[in-house]
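final.tsv, holding TSV, C-alpha atoms and all ligand atoms:
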chain	number	residue	atom	x	y	z
B	1	MET	CA	-10.95	42.42	-89.52
B	2	LYS	CA	-14.48	42.89	-88.15
B	3	LYS	CA	-14.22	46.69	-88.31
B	4	THR	CA	-13.15	46.81	-91.95
B	5	TYR	CA	-16.57	45.55	-93.10
B	6	PRO	CA	-18.63	48.58	-92.06
B	7	ILE	CA	-15.96	50.91	-93.47
B	8	CYS	CA	-15.89	49.00	-96.72
B	9	ILE	CA	-19.70	48.96	-96.94
B	10	ALA	CA	-19.84	52.69	-96.23
B	11	PHE	CA	-17.17	53.39	-98.85
B	12	CYS	CA	-18.86	51.21	-101.48
B	13	SER	CA	-22.25	52.79	-100.75
B	14	LEU	CA	-20.71	56.23	-101.20
B	15	LEU	CA	-19.22	55.17	-104.54
B	16	LEU	CA	-22.54	53.69	-105.66
B	17	LEU	CA	-24.48	56.74	-104.50
B	18	GLY	CA	-21.97	58.93	-106.29
B	19	SER	CA	-22.38	57.05	-109.53
B	20	VAL	CA	-26.21	57.00	-109.33
B	21	THR	CA	-26.22	60.73	-108.57
B	22	ALA	CA	-23.76	61.37	-111.39
B	23	GLN	CA	-25.97	59.39	-113.74
B	24	LYS	CA	-29.02	61.32	-112.57
B	25	ASN	CA	-27.29	64.67	-112.89
B	26	LYS	CA	-26.11	63.81	-116.36
B	27	ALA	CA	-29.65	62.80	-117.28
B	28	GLN	CA	-31.02	65.97	-115.71
B	29	GLN	CA	-29.01	68.12	-118.07
B	30	ILE	CA	-31.11	67.07	-121.03
B	31	PRO	CA	-34.54	68.54	-121.69
B	32	SER	CA	-37.59	66.48	-120.81
B	33	LEU	CA	-40.05	65.62	-123.58
B	34	LYS	CA	-43.00	65.50	-121.18
B	35	GLU	CA	-42.12	68.96	-119.85
B	36	VAL	CA	-41.49	70.52	-123.24
B	37	PHE	CA	-44.81	69.22	-124.64
B	38	LYS	CA	-46.82	69.50	-121.44
B	39	SER	CA	-49.31	72.01	-122.81
B	40	ASP	CA	-49.65	70.08	-126.09
B	41	PHE	CA	-50.15	66.33	-125.63
B	42	LEU	CA	-49.01	63.44	-123.49
B	43	ILE	CA	-45.70	61.83	-124.39
B	44	GLY	CA	-45.38	58.08	-123.98
B	45	ALA	CA	-43.33	54.97	-124.47
B	46	ALA	CA	-44.10	51.27	-124.76
B	47	LEU	CA	-42.45	49.32	-121.93
B	48	ASN	CA	-41.14	45.78	-122.06
B	49	TRP	CA	-40.60	43.45	-119.11
B	50	PRO	CA	-37.00	44.51	-118.20
B	51	GLN	CA	-38.25	48.10	-118.17
B	52	ILE	CA	-41.29	47.36	-116.00
B	53	THR	CA	-39.05	45.55	-113.51
B	54	GLY	CA	-36.30	48.20	-113.55
B	55	LYS	CA	-33.63	45.85	-114.96
B	56	ASP	CA	-33.04	48.08	-117.97
B	57	ARG	CA	-30.91	50.72	-116.23
B	58	ALA	CA	-30.87	53.24	-119.08
B	59	ALA	CA	-34.66	53.08	-119.32
B	60	ALA	CA	-35.03	53.34	-115.53
B	61	VAL	CA	-33.54	56.83	-115.74
B	62	LEU	CA	-35.28	57.89	-118.94
B	63	ILE	CA	-38.86	56.75	-118.31
B	64	PRO	CA	-39.73	58.96	-115.31
B	65	GLN	CA	-37.71	61.82	-116.72
B	66	GLN	CA	-39.10	61.88	-120.27
B	67	PHE	CA	-42.60	60.35	-120.32
B	68	ASN	CA	-45.98	60.81	-118.65
B	69	THR	CA	-47.80	57.87	-120.20
B	70	VAL	CA	-46.86	54.26	-120.94
B	71	THR	CA	-48.23	51.34	-122.94
B	72	PRO	CA	-47.38	47.73	-122.12
B	73	GLU	CA	-45.47	46.44	-125.16
B	74	ASP	CA	-46.66	42.86	-124.55
B	75	VAL	CA	-47.90	42.16	-121.01
B	76	MET	CA	-51.57	43.03	-121.60
B	77	LYS	CA	-51.97	41.02	-124.79
B	78	ALA	CA	-54.38	38.06	-124.68
B	79	GLU	CA	-51.66	35.37	-124.83
B	80	ARG	CA	-50.13	36.83	-121.65
B	81	LEU	CA	-53.27	37.69	-119.68
B	82	HIS	CA	-55.41	34.71	-120.65
B	83	PRO	CA	-53.07	31.77	-121.46
B	84	VAL	CA	-55.59	29.02	-120.75
B	85	TRP	CA	-59.38	29.01	-121.26
B	86	GLY	CA	-60.97	30.85	-118.33
B	87	THR	CA	-57.64	31.29	-116.49
B	88	TYR	CA	-56.26	34.79	-116.21
B	89	ASP	CA	-52.80	35.86	-115.09
B	90	PHE	CA	-52.76	39.53	-114.19
B	91	SER	CA	-49.42	39.47	-112.33
B	92	LYS	CA	-47.29	41.19	-114.99
B	93	GLY	CA	-50.00	43.64	-116.01
B	94	ASP	CA	-50.46	44.56	-112.35
B	95	GLN	CA	-46.73	45.11	-112.03
B	96	LEU	CA	-46.88	47.58	-114.89
B	97	ILE	CA	-49.76	49.38	-113.16
B	98	ALA	CA	-47.74	49.54	-109.92
B	99	TYR	CA	-44.68	50.88	-111.79
B	100	ALA	CA	-46.84	53.51	-113.50
B	101	LYS	CA	-48.38	54.54	-110.18
B	102	ARG	CA	-44.95	54.92	-108.55
B	103	HIS	CA	-43.81	57.20	-111.35
B	104	LYS	CA	-47.13	59.04	-111.89
B	105	LEU	CA	-47.57	57.74	-115.43
B	106	GLN	CA	-50.85	57.24	-117.23
B	107	VAL	CA	-51.40	53.83	-118.84
B	108	ASN	CA	-52.88	52.90	-122.20
B	109	GLY	CA	-54.15	49.32	-122.19
B	110	HIS	CA	-53.02	47.37	-125.24
B	111	THR	CA	-55.05	45.51	-126.44
B	112	LEU	CA	-58.43	43.76	-125.97
B	113	VAL	CA	-59.20	42.39	-129.44
B	114	TRP	CA	-56.38	41.53	-131.86
B	115	HIS	CA	-55.76	38.66	-134.29
B	116	SER	CA	-52.06	38.37	-133.26
B	117	GLN	CA	-50.56	37.10	-130.01
B	118	LEU	CA	-53.70	35.18	-129.13
B	119	PRO	CA	-53.34	32.20	-126.77
B	120	PRO	CA	-53.20	28.88	-128.70
B	121	PHE	CA	-56.50	27.60	-127.26
B	122	VAL	CA	-58.40	30.34	-129.12
B	123	HIS	CA	-57.41	28.87	-132.49
B	124	ARG	CA	-58.75	25.48	-131.42
B	125	ILE	CA	-62.26	26.70	-130.53
B	126	GLN	CA	-64.65	25.17	-133.08
B	127	ASN	CA	-68.03	26.00	-131.64
B	128	ILE	CA	-69.27	29.54	-132.37
B	129	ASP	CA	-71.01	29.89	-129.00
B	130	SER	CA	-67.79	28.94	-127.22
B	131	PHE	CA	-65.88	31.48	-129.29
B	132	ARG	CA	-68.41	34.14	-128.34
B	133	THR	CA	-68.05	33.14	-124.68
B	134	PHE	CA	-64.26	33.55	-124.93
B	135	PHE	CA	-64.64	36.93	-126.66
B	136	THR	CA	-67.18	38.29	-124.17
B	137	ASP	CA	-65.46	36.97	-121.05
B	138	HIS	CA	-62.05	38.18	-122.15
B	139	ILE	CA	-63.13	41.76	-122.79
B	140	LYS	CA	-65.32	41.91	-119.68
B	141	THR	CA	-62.78	40.35	-117.29
B	142	VAL	CA	-59.74	42.27	-118.55
B	143	ALA	CA	-61.46	45.65	-118.91
B	144	GLU	CA	-63.04	45.30	-115.46
B	145	HIS	CA	-59.78	44.24	-113.84
B	146	PHE	CA	-57.96	47.32	-115.13
B	147	SER	CA	-60.90	49.72	-114.86
B	148	GLY	CA	-59.76	52.89	-113.09
B	149	LYS	CA	-56.12	51.80	-113.55
B	150	VAL	CA	-55.70	52.41	-117.26
B	151	GLN	CA	-56.77	55.72	-118.77
B	152	SER	CA	-57.44	54.31	-122.23
B	153	TRP	CA	-57.78	51.01	-124.09
B	154	ASP	CA	-56.91	50.01	-127.63
B	155	VAL	CA	-60.19	48.10	-127.74
B	156	VAL	CA	-59.76	46.72	-131.24
B	157	ASN	CA	-56.37	46.55	-132.94
B	158	GLU	CA	-55.76	46.13	-136.69
B	159	ALA	CA	-59.22	45.10	-137.90
B	160	LEU	CA	-58.76	46.60	-141.38
B	161	ASN	CA	-57.17	45.57	-144.66
B	162	GLU	CA	-55.14	48.06	-146.68
B	163	ASP	CA	-58.14	48.71	-148.97
B	164	GLY	CA	-60.30	49.65	-146.00
B	165	THR	CA	-62.39	46.47	-145.93
B	166	LEU	CA	-62.58	44.41	-142.75
B	167	ARG	CA	-59.68	41.98	-142.25
B	168	LYS	CA	-60.75	38.33	-142.37
B	169	SER	CA	-59.51	37.78	-138.83
B	170	ILE	CA	-60.62	34.97	-136.57
B	171	PHE	CA	-63.04	37.46	-134.98
B	172	LEU	CA	-64.68	38.41	-138.28
B	173	THR	CA	-64.86	34.79	-139.41
B	174	LYS	CA	-66.47	33.54	-136.22
B	175	LEU	CA	-68.60	36.50	-135.17
B	176	GLY	CA	-69.32	38.56	-138.31
B	177	ASP	CA	-68.82	42.34	-138.72
B	178	GLN	CA	-70.89	43.05	-135.62
B	179	TYR	CA	-67.89	42.05	-133.46
B	180	ILE	CA	-66.36	45.54	-133.43
B	181	VAL	CA	-69.56	47.13	-132.11
B	182	ASP	CA	-69.88	44.32	-129.56
B	183	ALA	CA	-66.28	44.81	-128.41
B	184	PHE	CA	-66.71	48.55	-127.84
B	185	LYS	CA	-70.04	48.06	-126.02
B	186	LEU	CA	-68.56	45.40	-123.75
B	187	ALA	CA	-65.51	47.58	-123.03
B	188	ALA	CA	-67.67	50.63	-122.29
B	189	ALA	CA	-69.81	48.65	-119.83
B	190	ALA	CA	-66.77	47.18	-118.05
B	191	ALA	CA	-64.67	50.37	-118.03
B	192	PRO	CA	-67.06	53.33	-118.04
B	193	ASN	CA	-64.39	55.94	-117.32
B	194	THR	CA	-61.74	54.69	-119.72
B	195	ALA	CA	-61.17	56.29	-123.14
B	196	LEU	CA	-61.85	53.75	-125.88
B	197	TYR	CA	-59.72	53.67	-129.04
B	198	TYR	CA	-59.65	51.89	-132.37
B	199	ASN	CA	-55.96	51.35	-133.27
B	200	ASP	CA	-54.27	50.37	-136.56
B	201	TYR	CA	-51.17	50.75	-138.72
B	202	ASN	CA	-51.27	52.51	-142.12
B	203	ASN	CA	-54.66	53.99	-141.22
B	204	GLU	CA	-53.26	57.36	-142.30
B	205	GLN	CA	-53.32	56.02	-145.89
B	206	PRO	CA	-56.46	57.19	-147.75
B	207	ALA	CA	-58.19	53.85	-148.43
B	208	LYS	CA	-57.55	52.40	-144.98
B	209	ARG	CA	-58.44	55.76	-143.41
B	210	ALA	CA	-61.81	55.68	-145.21
B	211	GLY	CA	-62.37	52.20	-143.75
B	212	CYS	CA	-61.45	53.48	-140.31
B	213	ILE	CA	-63.92	56.35	-140.65
B	214	ARG	CA	-66.61	53.81	-141.61
B	215	VAL	CA	-65.80	51.89	-138.40
B	216	ILE	CA	-66.21	55.07	-136.32
B	217	GLN	CA	-69.51	55.88	-138.02
B	218	GLU	CA	-70.85	52.32	-137.61
B	219	LEU	CA	-69.97	52.40	-133.93
B	220	LYS	CA	-71.75	55.70	-133.44
B	221	LYS	CA	-74.78	54.55	-135.43
B	222	ALA	CA	-75.01	51.47	-133.21
B	223	GLY	CA	-74.88	53.65	-130.08
B	224	ALA	CA	-71.41	52.45	-129.03
B	225	ARG	CA	-68.87	54.80	-127.47
B	226	ILE	CA	-65.59	55.44	-129.29
B	227	ASP	CA	-63.33	58.21	-127.99
B	228	GLY	CA	-60.37	58.04	-130.30
B	229	VAL	CA	-58.38	56.59	-133.16
B	230	GLY	CA	-54.83	55.39	-132.72
B	231	ILE	CA	-52.51	55.80	-135.66
B	232	GLN	CA	-49.70	53.40	-134.81
B	233	GLY	CA	-47.01	55.33	-136.69
B	234	HIS	CA	-44.55	52.60	-137.70
B	235	TRP	CA	-42.97	54.63	-140.47
B	236	HIS	CA	-39.84	54.44	-142.66
B	237	LEU	CA	-36.92	56.81	-143.01
B	238	GLY	CA	-37.35	59.27	-145.88
B	239	LYS	CA	-40.82	57.91	-146.61
B	240	VAL	CA	-42.93	59.24	-143.76
B	241	PRO	CA	-46.33	60.06	-145.34
B	242	PHE	CA	-46.60	63.57	-143.88
B	243	LYS	CA	-49.48	64.75	-146.07
B	244	ALA	CA	-51.59	61.65	-145.40
B	245	ILE	CA	-50.83	61.94	-141.67
B	246	GLU	CA	-51.98	65.56	-141.51
B	247	GLU	CA	-55.15	64.84	-143.53
B	248	SER	CA	-55.92	61.87	-141.29
B	249	ILE	CA	-55.57	63.87	-138.08
B	250	GLU	CA	-57.99	66.44	-139.52
B	251	GLN	CA	-60.47	63.90	-140.85
B	252	TYR	CA	-60.56	61.75	-137.72
B	253	ALA	CA	-61.02	64.83	-135.54
B	254	ALA	CA	-63.88	65.91	-137.81
B	255	GLN	CA	-65.62	62.66	-136.78
B	256	GLY	CA	-65.60	63.95	-133.21
B	257	VAL	CA	-62.87	61.66	-131.87
B	258	LYS	CA	-59.38	62.30	-130.51
B	259	VAL	CA	-56.27	61.12	-132.34
B	260	ALA	CA	-53.34	59.38	-130.65
B	261	ILE	CA	-50.06	58.43	-132.25
B	262	THR	CA	-49.70	55.14	-130.44
B	263	GLU	CA	-46.58	53.26	-131.59
B	264	LEU	CA	-44.22	55.77	-133.14
B	265	ASP	CA	-40.86	54.64	-134.56
B	266	ILE	CA	-38.98	55.30	-137.79
B	267	ASN	CA	-37.32	52.26	-139.32
B	268	VAL	CA	-33.95	53.21	-140.89
B	269	LEU	CA	-33.19	49.76	-142.37
B	270	PRO	CA	-34.02	48.47	-145.87
B	271	THR	CA	-37.39	46.74	-145.87
B	272	LYS	CA	-39.97	45.27	-148.21
B	273	VAL	CA	-42.68	45.66	-145.60
B	274	THR	CA	-44.95	48.70	-145.63
B	275	GLY	CA	-47.13	47.98	-142.61
B	276	ALA	CA	-46.58	46.43	-139.20
B	277	GLU	CA	-48.11	42.97	-139.53
B	278	VAL	CA	-46.24	41.17	-136.75
B	279	GLY	CA	-46.80	37.78	-138.40
B	280	GLN	CA	-44.43	38.65	-141.28
B	281	HIS	CA	-40.90	37.25	-140.96
B	282	PHE	CA	-37.99	37.20	-143.42
B	283	LYS	CA	-34.41	35.94	-143.45
B	284	GLY	CA	-31.72	38.62	-143.51
B	285	ASP	CA	-28.30	38.96	-145.13
B	286	ALA	CA	-25.45	41.50	-144.83
B	287	ALA	CA	-27.22	43.92	-147.20
B	288	SER	CA	-30.32	43.97	-144.99
B	289	ASN	CA	-28.24	44.99	-141.95
B	290	PRO	CA	-26.01	47.80	-143.22
B	291	TYR	CA	-25.37	49.83	-140.03
B	292	VAL	CA	-23.81	47.29	-137.67
B	293	ASN	CA	-20.90	49.66	-136.99
B	294	GLY	CA	-22.93	52.81	-136.47
B	295	LEU	CA	-25.22	55.14	-138.35
B	296	PRO	CA	-23.81	57.30	-141.19
B	297	ASP	CA	-24.24	61.02	-140.65
B	298	SER	CA	-26.61	61.45	-143.58
B	299	ILE	CA	-29.02	58.87	-142.12
B	300	ARG	CA	-28.75	60.41	-138.67
B	301	GLN	CA	-29.68	63.80	-140.12
B	302	GLN	CA	-32.55	62.39	-142.17
B	303	LEU	CA	-33.95	60.73	-139.04
B	304	ALA	CA	-33.78	64.03	-137.17
B	305	ALA	CA	-35.43	65.87	-140.08
B	306	ASP	CA	-38.24	63.29	-140.35
B	307	TYR	CA	-38.95	63.49	-136.61
B	308	ALA	CA	-38.87	67.30	-136.67
B	309	THR	CA	-41.39	67.48	-139.53
B	310	LEU	CA	-43.64	64.99	-137.77
B	311	PHE	CA	-43.66	66.91	-134.52
B	312	ARG	CA	-44.32	70.19	-136.32
B	313	ILE	CA	-47.46	68.55	-137.75
B	314	PHE	CA	-48.44	67.20	-134.32
B	315	LEU	CA	-47.97	70.63	-132.76
B	316	LYS	CA	-50.02	72.32	-135.47
B	317	HIS	CA	-52.88	69.93	-134.58
B	318	LYS	CA	-52.30	69.66	-130.86
B	319	ASP	CA	-55.96	70.42	-130.14
B	320	LYS	CA	-56.85	67.13	-131.87
B	321	ILE	CA	-54.05	64.97	-130.46
B	322	ALA	CA	-54.28	63.34	-127.04
B	323	ARG	CA	-50.97	61.52	-126.96
B	324	VAL	CA	-47.81	60.67	-128.86
B	325	THR	CA	-46.30	57.35	-127.73
B	326	PHE	CA	-43.02	55.87	-128.98
B	327	TRP	CA	-42.83	52.10	-129.44
B	328	GLY	CA	-39.94	51.65	-127.06
B	329	VAL	CA	-37.59	53.77	-124.94
B	330	HIS	CA	-34.21	53.40	-126.67
B	331	ASP	CA	-32.71	51.79	-129.77
B	332	ALA	CA	-31.19	48.77	-127.99
B	333	GLN	CA	-34.57	47.29	-127.13
B	334	SER	CA	-36.71	48.33	-130.11
B	335	TRP	CA	-38.77	45.51	-131.62
B	336	LEU	CA	-37.42	46.69	-135.00
B	337	ASN	CA	-34.06	45.02	-134.22
B	338	ASP	CA	-35.87	41.71	-134.67
B	339	TRP	CA	-38.85	42.39	-136.91
B	340	PRO	CA	-39.45	41.53	-139.69
B	341	ILE	CA	-35.84	40.24	-139.92
B	342	PRO	CA	-34.22	38.96	-136.70
B	343	GLY	CA	-30.88	40.15	-135.33
B	344	ARG	CA	-30.46	43.50	-137.09
B	345	ARG	CA	-29.17	46.79	-135.70
B	346	ASN	CA	-31.88	49.41	-136.05
B	347	TYR	CA	-31.97	53.04	-134.88
B	348	PRO	CA	-35.66	54.05	-134.83
B	349	LEU	CA	-36.09	55.98	-131.56
B	350	LEU	CA	-34.92	59.23	-129.94
B	351	PHE	CA	-32.44	57.62	-127.50
B	352	ASP	CA	-29.43	55.53	-128.53
B	353	ARG	CA	-28.24	52.16	-127.25
B	354	GLN	CA	-26.73	53.78	-124.13
B	355	GLY	CA	-29.91	55.76	-123.49
B	356	LYS	CA	-28.28	59.00	-124.67
B	357	PRO	CA	-30.36	61.53	-126.62
B	358	LYS	CA	-29.76	61.46	-130.39
B	359	SER	CA	-29.92	64.35	-132.88
B	360	ALA	CA	-33.51	63.26	-133.50
B	361	PHE	CA	-34.30	63.97	-129.82
B	362	TYR	CA	-32.98	67.53	-130.08
B	363	ALA	CA	-34.79	68.00	-133.41
B	364	VAL	CA	-38.07	67.10	-131.70
B	365	ILE	CA	-37.36	69.49	-128.82
B	366	ASP	CA	-36.43	72.24	-131.30
B	367	ALA	CA	-39.67	71.68	-133.23
B	368	LYS	CA	-41.37	73.09	-130.15
B	369	LEU	CA	-38.83	75.58	-128.82
B	370	LYS	CA	-37.44	77.07	-132.04
B	371	LYS	CA	-40.46	77.84	-134.19
F	1	LIG	C1	-44.92	43.97	-131.03
F	1	LIG	C2	-43.98	43.96	-129.82
F	1	LIG	O1	-43.21	45.14	-129.85
F	1	LIG	C3	-43.10	42.74	-129.82
F	1	LIG	O2	-42.40	42.63	-128.60
F	1	LIG	C4	-43.94	41.47	-130.06
F	1	LIG	O3	-43.08	40.37	-130.22
F	1	LIG	C5	-44.80	41.60	-131.28
F	1	LIG	O4	-45.62	42.77	-131.16
F	1	LIG	N1	-48.41	46.62	-133.70
F	1	LIG	C6	-48.89	46.43	-132.42
F	1	LIG	C7	-47.96	46.01	-131.35
F	1	LIG	O5	-50.06	46.78	-132.16
F	1	LIG	O6	-48.60	45.25	-130.36
F	1	LIG	C8	-46.78	45.24	-131.90
F	1	LIG	O7	-45.86	45.01	-130.84
F	1	LIG	C9	-46.11	46.02	-133.03
F	1	LIG	C10	-47.10	46.26	-134.15
Let me see whether you can do it: turn the structure in this file into structure tokens.
Ligand code: XIL
Amino acid sequence: MKKTYPICIAFCSLLLLGSVTAQKNKAQQIPSLKEVFKSDFLIGAALNWPQITGKDRAAAVLIPQQFNTVTPEDVMKAERLHPVWGTYDFSKGDQLIAYAKRHKLQVNGHTLVWHSQLPPFVHRIQNIDSFRTFFTDHIKTVAEHFSGKVQSWDVVNEALNEDGTLRKSIFLTKLGDQYIVDAFKLAAAAAPNTALYYNDYNNEQPAKRAGCIRVIQELKKAGARIDGVGIQGHWHLGKVPFKAIEESIEQYAAQGVKVAITELDINVLPTKVTGAEVGQHFKGDAASNPYVNGLPDSIRQQLAADYATLFRIFLKHKDKIARVTFWGVHDAQSWLNDWPIPGRRNYPLLFDRQGKPKSAFYAVIDAKLKK
């Protein structure tokens, strides 16, 4: 009886090793995005908690194989890092840093100043001086903590309205328009070697783009450092604004900053929403969730075509683009399954629910290899 244990353990280990190796070999047969685009720009993905901790097995294979930069999907947002006034919890953020180090991935910090996912105490601050203390301490403490560990920060996220004016966020209301300059100066002082970005959705659209250019110019006029603009890139199937995207890359670069595509995904489901305001929520019905049993071929092909056109534009302007990051690793965990309508089946990324490459993946690879 005693002797059967070691034999059984050895046999099981062999089986397990065999299956891990088989999985790896299978994964190795597909091209690697980070390799294919290595002379062009970094290729990234946003990681959620199961991915940071290795529990998402499909992602555990794909992340080191496909990407060279990552963005925390949620763990570096204020509600996570700073849940209670003056009390910081860096444990999950540090785990992401450790994961990135193990797999030689760069990290983009996301995000220091944003009106969404703020801890509840922030909304209760009445006194302006206290609000300023929160604002200053948060940026200083977080940027210092991760200084040298993240390569870039989305310093300010989504500060603009669609018409290019400043959003009436809690920051604007309490601190006035000066807050963006203050945020960038505080971040630069706390993280001198970190690239500093302004990040937004729809900022490829002309009016919002003009507002974004005003922000860059104001920052420069005030002597603040800004290194880049992030275009989030939450776009919709068949409606990707290619012309506006190309013009934006050119116009932002003409301001002397880099461009990053920071949160790329292409929503294939019907939607009334044109931006990515995370506070918007709607109820769904059967018509709003049409692909529960799989994606029709025509949609699959359109997705591949949209991604191919996008990457051809990115390649044409590779000298201006620092990074292209997808908002997620594979379709099963995309935030678009639950936003703005919960419980839908969406297909916005390059890898399917099993972590297998889709036609869109090969279309992106071909955009580079078959010119
Ligand atoms: C999303 C995350 O993906 C979700 O997990 C979270 O519940 C809400 O926020 N723009 C941003 C990101 O800058 O931080 C948002 O991420 C998506 C829109």
Environment of ligand LIG 1 (chain F) within 6 Å, counting only C-alpha atoms and all ligand atoms, reported as an mmCIF file with C-alpha atoms, in the frame of the given file:
data_model
loop_
_atom_site.group_PDB
_atom_site.id
_atom_site.type_symbol
_atom_site.label_atom_id
_atom_site.label_comp_id
_atom_site.auth_asym_id
_atom_site.auth_seq_id
_atom_site.Cartn_x
_atom_site.Cartn_y
_atom_site.Cartn_z
ATOM 1 C CA GLU B 73 -45.470 46.440 -125.160
ATOM 2 C CA ASP B 74 -46.660 42.860 -124.550
ATOM 3 C CA ALA B 276 -46.580 46.430 -139.200
ATOM 4 C CA VAL B 278 -46.240 41.170 -136.750
ATOM 5 C CA TRP B 335 -38.770 45.510 -131.620
#
Q. Quick one: of B:Ala360, B:Ala305, B:Val70, B:Val122, who's nearest to Val240 (chain B), counting only C-alpha atoms?
A.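 Result for the nearest residue to Val240 (chain B): B:Ala305.
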Q) Which residues come within 7 Å of region 289-303 of chain B, counting only C-alpha atoms, excluding same-chain residues fewer than 3 positions away, as a PyMOL selection string? A) chain B and resi 237-238+269+285-286+306-307+344-345+360
(Q) Env of region 76-84 of chain B: 12 Å cut, atoms = all atoms listed in the file, seq-sep filter 5 positions within chain, self excluded. Answer as a PyMOL selection string. (A) chain B and resi 46-49+71+89-97+107-124+134-135+137-139+141-143+145-146+150+153-157
Q: In Å, rounded to a single decimal, give me how far CA of Lys38 (chain B) is from CA of Leu349 (chain B).
A: 20.0 Å
I'd like the box whose edges run along x, y and z of the file and which contains every listed atom of region 144-161 of chain B, padded by 3 Å per side; could you state its centre and edge lengths in Å, one decimal, as JSON?
{"center_x": -59.4, "center_y": 50.0, "center_z": -128.9, "size_x": 13.3, "size_y": 17.5, "size_z": 37.6}
Do a neighbour search on Phe351 (chain B) at 10 Å with all atoms listed in the file, toss out local chain neighbours closer than 4 positions, and write the hits as a PDB file with C-alpha atoms, keeping the file's coordinate frame.
ATOM      1  CA  ALA B  58     -30.870  53.240-119.080  1.00  0.00           C
ATOM      2  CA  ALA B  59     -34.660  53.080-119.320  1.00  0.00           C
ATOM      3  CA  LEU B  62     -35.280  57.890-118.940  1.00  0.00           C
ATOM      4  CA  GLY B 328     -39.940  51.650-127.060  1.00  0.00           C
ATOM      5  CA  VAL B 329     -37.590  53.770-124.940  1.00  0.00           C
ATOM      6  CA  HIS B 330     -34.210  53.400-126.670  1.00  0.00           C
ATOM      7  CA  ASP B 331     -32.710  51.790-129.770  1.00  0.00           C
ATOM      8  CA  ALA B 332     -31.190  48.770-127.990  1.00  0.00           C
ATOM      9  CA  TYR B 347     -31.970  53.040-134.880  1.00  0.00           C
ATOM     10  CA  GLY B 355     -29.910  55.760-123.490  1.00  0.00           C
ATOM     11  CA  LYS B 356     -28.280  59.000-124.670  1.00  0.00           C
ATOM     12  CA  PRO B 357     -30.360  61.530-126.620  1.00  0.00           C
ATOM     13  CA  LYS B 358     -29.760  61.460-130.390  1.00  0.00           C
ATOM     14  CA  SER B 359     -29.920  64.350-132.880  1.00  0.00           C
ATOM     15  CA  ALA B 360     -33.510  63.260-133.500  1.00  0.00           C
ATOM     16  CA  PHE B 361     -34.300  63.970-129.820  1.00  0.00           C
TER      17      PHE B 361
END
Q: Would you mind reading off the distance between CA of Gln126 (chain B) and CA of Val181 (chain B), one decimal, in Å?
A: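 Computing it gives 22.5 Å between the two atoms.
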Q: Compile the contact shell of Ile180 (chain B) as a PyMOL selection string: residues with an atom at most 12 Å away, counting all atoms listed in the file, same-chain residues fewer than 2 positions apart removed.
A: chain B and resi 112-114+135-136+139+154-160+166-167+169+171-172+175-178+182-187+197-199+212+214-220+222+224-226
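Taking CA of Gly284 (chain B) and CA of Ile341 (chain B) as the two end points, the separation is 5.7 Å.
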Within 9 Å of Ile213 (chain B) using all atoms listed in the file, minus same-chain residues under 5 positions, as a tab-separated table (two decimals) with C-alpha atoms, in the frame of the given file:
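The result, written out as out-v7.tsv:
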chain	number	residue	atom	x	y	z
B	208	LYS	CA	-57.55	52.40	-144.98
B	218	GLU	CA	-70.85	52.32	-137.61
B	251	GLN	CA	-60.47	63.90	-140.85
B	252	TYR	CA	-60.56	61.75	-137.72
B	255	GLN	CA	-65.62	62.66	-136.78
Q: Up to 10 Å from (-46.6, 52.9, -143.1) in the file's coordinates: name the residues, counting only C-alpha atoms, as an NGL selection string.
A: :B and (201-205 or 231-236 or 239-241 or 266 or 273-276)
Please write the residues from the selection above to a file, keeping C-alpha atoms, as a PDB file, in the coordinates of the input.
ATOM      1  CA  TYR B 201     -51.170  50.750-138.720  1.00  0.00           C
ATOM      2  CA  ASN B 202     -51.270  52.510-142.120  1.00  0.00           C
ATOM      3  CA  ASN B 203     -54.660  53.990-141.220  1.00  0.00           C
ATOM      4  CA  GLU B 204     -53.260  57.360-142.300  1.00  0.00           C
ATOM      5  CA  GLN B 205     -53.320  56.020-145.890  1.00  0.00           C
ATOM      6  CA  ILE B 231     -52.510  55.800-135.660  1.00  0.00           C
ATOM      7  CA  GLN B 232     -49.700  53.400-134.810  1.00  0.00           C
ATOM      8  CA  GLY B 233     -47.010  55.330-136.690  1.00  0.00           C
ATOM      9  CA  HIS B 234     -44.550  52.600-137.700  1.00  0.00           C
ATOM     10  CA  TRP B 235     -42.970  54.630-140.470  1.00  0.00           C
ATOM     11  CA  HIS B 236     -39.840  54.440-142.660  1.00  0.00           C
ATOM     12  CA  LYS B 239     -40.820  57.910-146.610  1.00  0.00           C
ATOM     13  CA  VAL B 240     -42.930  59.240-143.760  1.00  0.00           C
ATOM     14  CA  PRO B 241     -46.330  60.060-145.340  1.00  0.00           C
ATOM     15  CA  ILE B 266     -38.980  55.300-137.790  1.00  0.00           C
ATOM     16  CA  VAL B 273     -42.680  45.660-145.600  1.00  0.00           C
ATOM     17  CA  THR B 274     -44.950  48.700-145.630  1.00  0.00           C
ATOM     18  CA  GLY B 275     -47.130  47.980-142.610  1.00  0.00           C
ATOM     19  CA  ALA B 276     -46.580  46.430-139.200  1.00  0.00           C
TER      20      ALA B 276
END
Q | Counting only C-alpha atoms, the option among B:Ala45, B:Ala60, B:Glu246, B:Arg132 closest to Gln106 (chain B) | A |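 Of B:Ala45, B:Ala60, B:Glu246, B:Arg132, the one nearest Gln106 (chain B), counting only C-alpha atoms, is B:Ala45.
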Q. Between B:Phe326, B:Phe311, B:Tyr179, B:Tyr362, which one has atoms that come closest to Asp40 (chain B), using only C-alpha atoms?
A. B:Phe311
Q | Of the listed residues B:Asp200, B:Asn127, B:Pro192, B:Asn68, that which approaches Phe41 (chain B) most closely, counting only C-alpha atoms | A | B:Asn68
